[in-house]
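Here is the structure we will look at.
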Amino acid sequence: MTTQTPVVVFAGRPEQREAYERDLRAAAGEAGLGMTLVMDPAEADPAAADYLILAPSGPVTDFTPYTRLKAILNLWAGVEQALALPLPPGVPLVRMVEEGLTLGMLDYVTGHVMRHHLDLDRYVGNTTALPWEANAPPLAAERKVTLLGLGALGGICASRLAGLGFQVHGWSRTARYVEGVTCHHGADGLIAALDGASILVLLLPQTPQTVGIVGASALSRLAPGAAVINAGRGPLIDDDALLAALDRGDLGHATLDVFDVEPLPVEHPFWTHPNVTVTPHIASITRSGTASRALVSQIARGEAGQPFLHVVERDRGY
Ligand code: NDP
C-alpha cells in the first residue's frame, strides 16, 4: 500500500521562495513529515494541492482550480487582505502565529513603551543644555498602560509589561485572563481600559468593528500627554482626530507602524509631525525559520485528523 504525502503549494511572494523552500524542508524533516512541496504555483497541479501557503500579495488570487484544499495557511497574522480575496468557502483559513513574529512584537512594544515611559526623546541625542531639573519619570508601577487586543500578540505583550511592573490593562472582544493584567471586554470595558491610560498600545485586527475605534472620543479618555503606539492596523485610528489631539497637546506622541495606505505617502503629515514616529510596518515580521515550523505543525495536525489551530472565523473578520 502506498501512502500519499500531502501536496503543499507555496503561494508566497517569489523572492521568499528560496528561504521558505529551505526552511519548510528542514522543518518537515525535523517533524518526520513527508510532503510534496511545490514552490511556484505556476508549476503546480492546483487540483492535486492539499495545502496552500498564502501571501495575500502573492501570485494566487484565483482559487477555483484548487478544488481539494484541506486548508489555506496565511503567512501573515493579519487576515483582512486574505479575507478580501475570493477564498473557497468551507476551506479553513489559518492565520500565522509563530514564535519569531511573537518575539519581534514583544521587543517592539516593550522598546517603544519604555521610550515613552522614560521620556527618552528628551535626553537621547539632545544638542542643547537642558534645565537641570530633577523631574524623574514616574515608576512603572505608577503608569497605566493599556493594550487594545489581548490575542496571540497583545496577550503576551501585556504579560511582559505587567512583568516590568506597569499597571497593565487589556481589552478584548470576549473575556480573557492574563496574569497580572486587569482585563476588560466589550463596549463598557473599553471605557475602563482607556480612562487615564498614559500609554495606549493597539494590537487589534482590522475588522468592521475595530475600524476607527481610536477616534476623538477614545483619545479624550487618555491621560494628558499620553502616547499611542499602533502596531495593529492603520484604520484602527482616525488620523485626523489623532493629529488634532497631538496639535492641541492633549496627546504627547504617536508611534505608528501601520497606516491606511502603505507605504505611507510622502506628503502625509505623519512624516513631518514632530510628535509622530513612523516605522515602516516593521513592528514584527513572519520569519521563515520559525514560521516554517508553525506551518509544518499545522500540516501535521491536518494529516493526523486533528483540528487546525488559529482558524479564522470569517464572519467576525479575524
Ligand atoms: P489575535 O486574533 O490573536 O487577537 C486579536 C485580539 O483582538 C483578541 O484579543 C480579540 O478579542 C481582540 N478583538 C478583535 N475584535 C475585537 C473587538 N471588536 N473588540 C474588542 N476586541 C477585539 O491577533 P494577533 O494578536 O495575532 O494579531 C493582532 C493584529 O496585529 C493582527 O490582526 C495584525 O493586524 C497585527 N499585526 C501587526 C504586525 C506589524 O508588524 N505591525 C505584525 C503582526 C500582526 P478576543 O480575544 O475576544 O478574540
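Here, A, B, ... name the chains of the C-alpha cells in the order displayed, residue numbers run from 1 inside each chain, and ligands are numbered from 1 in the same displayed order.
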
Residues at most 6 Å from region 104-119 of chain A, counting only C-alpha atoms, excluding those fewer than 6 positions away in the same chain, as a PDB file with N, CA, C and O atoms, in the first residue's frame?
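Result file part_17.pdb:
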ATOM      1  N   PRO A 137      11.093  60.398  35.773  1.00  0.00           N
ATOM      2  CA  PRO A 137       9.802  59.822  35.365  1.00  0.00           C
ATOM      3  C   PRO A 137       9.167  59.071  36.530  1.00  0.00           C
ATOM      4  O   PRO A 137       9.860  58.662  37.463  1.00  0.00           O
ATOM      5  N   CYS A 157       2.346  40.556  25.073  1.00  0.00           N
ATOM      6  CA  CYS A 157       2.930  41.890  25.347  1.00  0.00           C
ATOM      7  C   CYS A 157       2.404  42.417  26.687  1.00  0.00           C
ATOM      8  O   CYS A 157       3.154  42.988  27.482  1.00  0.00           O
ATOM      9  N   ALA A 283       7.094  46.407  12.942  1.00  0.00           N
ATOM     10  CA  ALA A 283       6.956  46.046  14.359  1.00  0.00           C
ATOM     11  C   ALA A 283       7.331  44.588  14.537  1.00  0.00           C
ATOM     12  O   ALA A 283       8.068  44.219  15.449  1.00  0.00           O
ATOM     13  N   SER A 284       6.833  43.767  13.630  1.00  0.00           N
ATOM     14  CA  SER A 284       7.288  42.380  13.609  1.00  0.00           C
ATOM     15  C   SER A 284       7.023  41.799  12.234  1.00  0.00           C
ATOM     16  O   SER A 284       6.174  42.298  11.498  1.00  0.00           O
TER      17      SER A 284
END

Taking a cut-off of 7 Å and counting only C-alpha atoms and all ligand atoms, can you build a table that, for each residue of chain A near ligand 1, reports the nearest atom pair and how far apart they are in Å (one decimal), sorted by chain then residue number, as a tab-separated table?
residue	atom	partner	partner_atom_place_in_ligand_line	distance
A:Trp76	CA	ligand 1	43 (C)	6.7
A:Ala77	CA	ligand 1	44 (C)	4.8
A:Gly78	CA	ligand 1	32 (O)	3.8
A:Val79	CA	ligand 1	32 (O)	6.5
A:Val97	CA	ligand 1	26 (O)	6.1
A:Leu101	CA	ligand 1	43 (C)	6.7
A:Met105	CA	ligand 1	42 (C)	6.9
A:Leu148	CA	ligand 1	21 (N)	6.7
A:Gly149	CA	ligand 1	7 (O)	3.7
A:Leu150	CA	ligand 1	9 (O)	3.5
A:Gly151	CA	ligand 1	4 (O)	3.1
A:Ala152	CA	ligand 1	3 (O)	3.9
A:Leu153	CA	ligand 1	25 (O)	3.6
A:Gly154	CA	ligand 1	25 (O)	5.1
A:Trp171	CA	ligand 1	21 (N)	6.0
A:Ser172	CA	ligand 1	21 (N)	3.4
A:Arg173	CA	ligand 1	20 (C)	3.5
A:Thr174	CA	ligand 1	47 (O)	3.4
A:Ala175	CA	ligand 1	47 (O)	6.1
A:Arg176	CA	ligand 1	46 (O)	6.3
A:His185	CA	ligand 1	20 (C)	6.4
A:Gly186	CA	ligand 1	20 (C)	6.2
A:Leu203	CA	ligand 1	30 (O)	4.7
A:Leu204	CA	ligand 1	7 (O)	4.2
A:Pro205	CA	ligand 1	32 (O)	3.3
A:Gln206	CA	ligand 1	34 (O)	5.9
A:Thr207	CA	ligand 1	15 (N)	6.8
A:Gln209	CA	ligand 1	18 (N)	4.8
A:Thr210	CA	ligand 1	18 (N)	5.2
A:Ala231	CA	ligand 1	41 (N)	4.2
A:Gly232	CA	ligand 1	35 (C)	3.9
A:Arg233	CA	ligand 1	34 (O)	5.0
A:Asp257	CA	ligand 1	41 (N)	5.6
A:Val258	CA	ligand 1	41 (N)	5.8
A:His281	CA	ligand 1	40 (O)	5.0
A:Ile282	CA	ligand 1	40 (O)	4.9
A:Ala283	CA	ligand 1	40 (O)	4.0
A:Ser284	CA	ligand 1	40 (O)	3.9
A:Ile285	CA	ligand 1	40 (O)	5.5
A:Tyr318	CA	ligand 1	2 (O)	5.6

Export N, CA, C and O atoms of the chosen residues as a short mmCIF file (atom, residue, chain, number, x, y, z; two decimals), in the first residue's frame?
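Wrote result05.cif, looks like this:
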data_model
loop_
_atom_site.label_atom_id
_atom_site.label_comp_id
_atom_site.auth_asym_id
_atom_site.auth_seq_id
_atom_site.Cartn_x
_atom_site.Cartn_y
_atom_site.Cartn_z
N TRP A 76 0.60 35.68 7.06
CA TRP A 76 0.53 36.86 7.90
C TRP A 76 -0.42 36.63 9.07
O TRP A 76 -1.38 35.86 8.97
N ALA A 77 -0.16 37.37 10.17
CA ALA A 77 -1.08 37.30 11.31
C ALA A 77 -2.37 38.05 11.00
O ALA A 77 -3.46 37.62 11.39
N GLY A 78 -2.25 39.18 10.31
CA GLY A 78 -3.44 39.95 9.92
C GLY A 78 -4.09 39.28 8.72
O GLY A 78 -3.40 38.83 7.80
N VAL A 79 -5.41 39.20 8.71
CA VAL A 79 -6.07 38.43 7.65
C VAL A 79 -7.03 39.27 6.82
O VAL A 79 -7.73 38.74 5.96
N VAL A 97 0.56 32.29 13.50
CA VAL A 97 1.04 32.52 14.87
C VAL A 97 2.34 31.76 14.96
O VAL A 97 2.35 30.54 14.79
N LEU A 101 7.56 35.88 15.04
CA LEU A 101 6.64 37.02 14.93
C LEU A 101 6.28 37.53 16.33
O LEU A 101 6.26 38.73 16.60
N MET A 105 7.39 41.20 18.07
CA MET A 105 6.39 42.16 18.56
C MET A 105 6.64 42.50 20.03
O MET A 105 6.47 43.66 20.44
N LEU A 148 -5.13 47.42 23.59
CA LEU A 148 -6.38 47.02 22.93
C LEU A 148 -6.03 45.82 22.06
O LEU A 148 -5.23 45.93 21.13
N GLY A 149 -6.62 44.67 22.40
CA GLY A 149 -6.26 43.41 21.75
C GLY A 149 -5.44 42.57 22.71
O GLY A 149 -4.35 42.98 23.14
N LEU A 150 -5.98 41.43 23.09
CA LEU A 150 -5.30 40.53 24.02
C LEU A 150 -5.17 39.15 23.40
O LEU A 150 -5.37 38.13 24.06
N GLY A 151 -4.86 39.13 22.10
CA GLY A 151 -4.75 37.86 21.39
C GLY A 151 -3.34 37.30 21.49
O GLY A 151 -2.62 37.52 22.47
N ALA A 152 -2.94 36.58 20.41
CA ALA A 152 -1.63 35.93 20.41
C ALA A 152 -0.52 36.94 20.67
O ALA A 152 0.44 36.65 21.39
N LEU A 153 -0.65 38.14 20.12
CA LEU A 153 0.39 39.16 20.29
C LEU A 153 0.11 40.07 21.48
O LEU A 153 0.98 40.29 22.32
N GLY A 154 -1.10 40.59 21.56
CA GLY A 154 -1.42 41.53 22.64
C GLY A 154 -1.32 40.88 24.02
O GLY A 154 -0.85 41.51 24.97
N TRP A 171 -7.85 44.92 26.72
CA TRP A 171 -9.24 44.89 26.25
C TRP A 171 -9.38 43.93 25.10
O TRP A 171 -8.52 43.88 24.20
N SER A 172 -10.43 43.15 25.14
CA SER A 172 -10.68 42.17 24.08
C SER A 172 -12.18 42.11 23.82
O SER A 172 -12.97 42.76 24.52
N ARG A 173 -12.56 41.32 22.84
CA ARG A 173 -14.00 41.20 22.50
C ARG A 173 -14.69 40.31 23.53
O ARG A 173 -15.75 40.65 24.05
N THR A 174 -14.05 39.17 23.81
CA THR A 174 -14.60 38.26 24.82
C THR A 174 -13.73 38.34 26.07
O THR A 174 -12.60 38.83 26.01
N ALA A 175 -14.24 37.83 27.18
CA ALA A 175 -13.49 37.91 28.44
C ALA A 175 -12.20 37.08 28.35
O ALA A 175 -12.21 35.96 27.86
N ARG A 176 -11.12 37.65 28.78
CA ARG A 176 -9.80 36.99 28.77
C ARG A 176 -9.20 37.06 30.15
O ARG A 176 -9.52 37.97 30.94
N HIS A 185 -13.54 43.77 28.70
CA HIS A 185 -14.03 43.38 27.38
C HIS A 185 -15.35 44.07 27.10
O HIS A 185 -16.00 44.60 28.01
N GLY A 186 -15.71 44.05 25.82
CA GLY A 186 -16.98 44.64 25.41
C GLY A 186 -16.96 46.16 25.47
O GLY A 186 -15.95 46.78 25.83
N LEU A 203 -3.16 46.50 19.36
CA LEU A 203 -2.86 45.21 18.73
C LEU A 203 -4.15 44.47 18.40
O LEU A 203 -4.32 43.29 18.69
N LEU A 204 -5.07 45.24 17.81
CA LEU A 204 -6.34 44.69 17.35
C LEU A 204 -6.22 44.34 15.87
O LEU A 204 -5.46 44.97 15.14
N PRO A 205 -7.03 43.38 15.41
CA PRO A 205 -7.12 43.17 13.96
C PRO A 205 -8.01 44.23 13.33
O PRO A 205 -8.79 44.88 14.02
N GLN A 206 -7.87 44.37 12.02
CA GLN A 206 -8.76 45.29 11.29
C GLN A 206 -10.02 44.55 10.90
O GLN A 206 -9.99 43.63 10.08
N THR A 207 -11.13 44.94 11.50
CA THR A 207 -12.43 44.34 11.17
C THR A 207 -13.44 45.49 11.07
O THR A 207 -13.13 46.62 11.51
N GLN A 209 -15.70 46.12 12.99
CA GLN A 209 -15.97 46.61 14.35
C GLN A 209 -14.81 47.44 14.91
O GLN A 209 -15.00 48.21 15.84
N THR A 210 -13.61 47.25 14.40
CA THR A 210 -12.46 47.93 15.01
C THR A 210 -11.99 49.15 14.21
O THR A 210 -11.21 49.95 14.72
N ALA A 231 0.59 49.18 16.52
CA ALA A 231 1.25 48.08 15.82
C ALA A 231 0.21 47.13 15.22
O ALA A 231 0.56 46.05 14.75
N GLY A 232 -1.08 47.55 15.25
CA GLY A 232 -2.15 46.67 14.74
C GLY A 232 -2.37 46.88 13.26
O GLY A 232 -1.71 46.25 12.42
N ARG A 233 -3.25 47.81 12.93
CA ARG A 233 -3.52 48.18 11.54
C ARG A 233 -3.88 49.66 11.50
O ARG A 233 -4.53 50.18 12.41
N ASP A 257 3.23 52.23 13.25
CA ASP A 257 3.92 51.26 12.40
C ASP A 257 3.07 50.86 11.19
O ASP A 257 3.58 50.28 10.24
N VAL A 258 1.78 51.18 11.27
CA VAL A 258 0.82 50.72 10.26
C VAL A 258 -0.08 51.88 9.86
O VAL A 258 -0.38 52.74 10.70
N HIS A 281 6.07 49.51 8.99
CA HIS A 281 5.45 48.19 9.17
C HIS A 281 6.51 47.13 9.47
O HIS A 281 6.58 46.08 8.83
N ILE A 282 7.33 47.46 10.48
CA ILE A 282 8.39 46.51 10.87
C ILE A 282 8.26 46.10 12.34
O ILE A 282 9.18 45.53 12.89
N ALA A 283 7.09 46.41 12.94
CA ALA A 283 6.96 46.05 14.36
C ALA A 283 7.33 44.59 14.54
O ALA A 283 8.07 44.22 15.45
N SER A 284 6.83 43.77 13.63
CA SER A 284 7.29 42.38 13.61
C SER A 284 7.02 41.80 12.23
O SER A 284 6.17 42.30 11.50
N ILE A 285 7.76 40.77 11.91
CA ILE A 285 7.56 40.11 10.62
C ILE A 285 7.51 38.60 10.83
O ILE A 285 8.04 38.08 11.82
N TYR A 318 -11.65 37.94 11.87
CA TYR A 318 -10.29 37.67 12.38
C TYR A 318 -10.22 36.27 12.96
O TYR A 318 -11.27 35.63 13.09
#

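For the pair CA of Ala26 (chain A) and CA of Val312 (chain A), the interatomic distance is 26.9 Å.
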
*Please report, as a list in words, each residue of region 234-263 of chain A to which DSSP assigns helix (DSSP H, G or I) when run on this structure's backbone.*
Gly234, Pro235, Leu236, Asp239, Asp240, Ala241, Leu242, Leu243, Ala244, Ala245, Leu246, Asp247 and Arg248 of chain A

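Proximity ranking of A:Pro92, A:Ala192, A:Glu98, A:Leu103 relative to Arg160 (chain A) places A:Leu103 first, based on only C-alpha atoms.
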
_Please return, as a PyMOL selection string, all residues of region 103-182 of chain A that DSSP assigns to strand (DSSP E or B) on the basis of the backbone._
chain A and resi 144-148+167-172+182

*If we count only C-alpha atoms, what is near Val181 (chain A) at a cut-off of 8 Å, once residues fewer than 6 positions away on the same chain are taken out, given as a list of chain:residue names?*
A:Ala158, A:Ser159, A:Ala162, A:Gln167, A:Val168, A:His169, A:Gly170

*Between CA of Asn230 (chain A) and CA of Gly125 (chain A), what is the spacing in Å?*
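Interatomic distance, CA of Gly125 (chain A) to CA of Asn230 (chain A): 24.2 Å.
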
*For CA of Leu87 (chain A) and CA of Asp62 (chain A), quote the distance in Å rounded to one decimal.*
8.1 Å

*Go through A:Thr286, A:Leu246, A:Thr102, A:Pro235 and flag the residue nearest Glu262 (chain A), using only C-alpha atoms for the distances.*
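Of A:Thr286, A:Leu246, A:Thr102, A:Pro235, the one nearest Glu262 (chain A) is A:Pro235, counting only C-alpha atoms.
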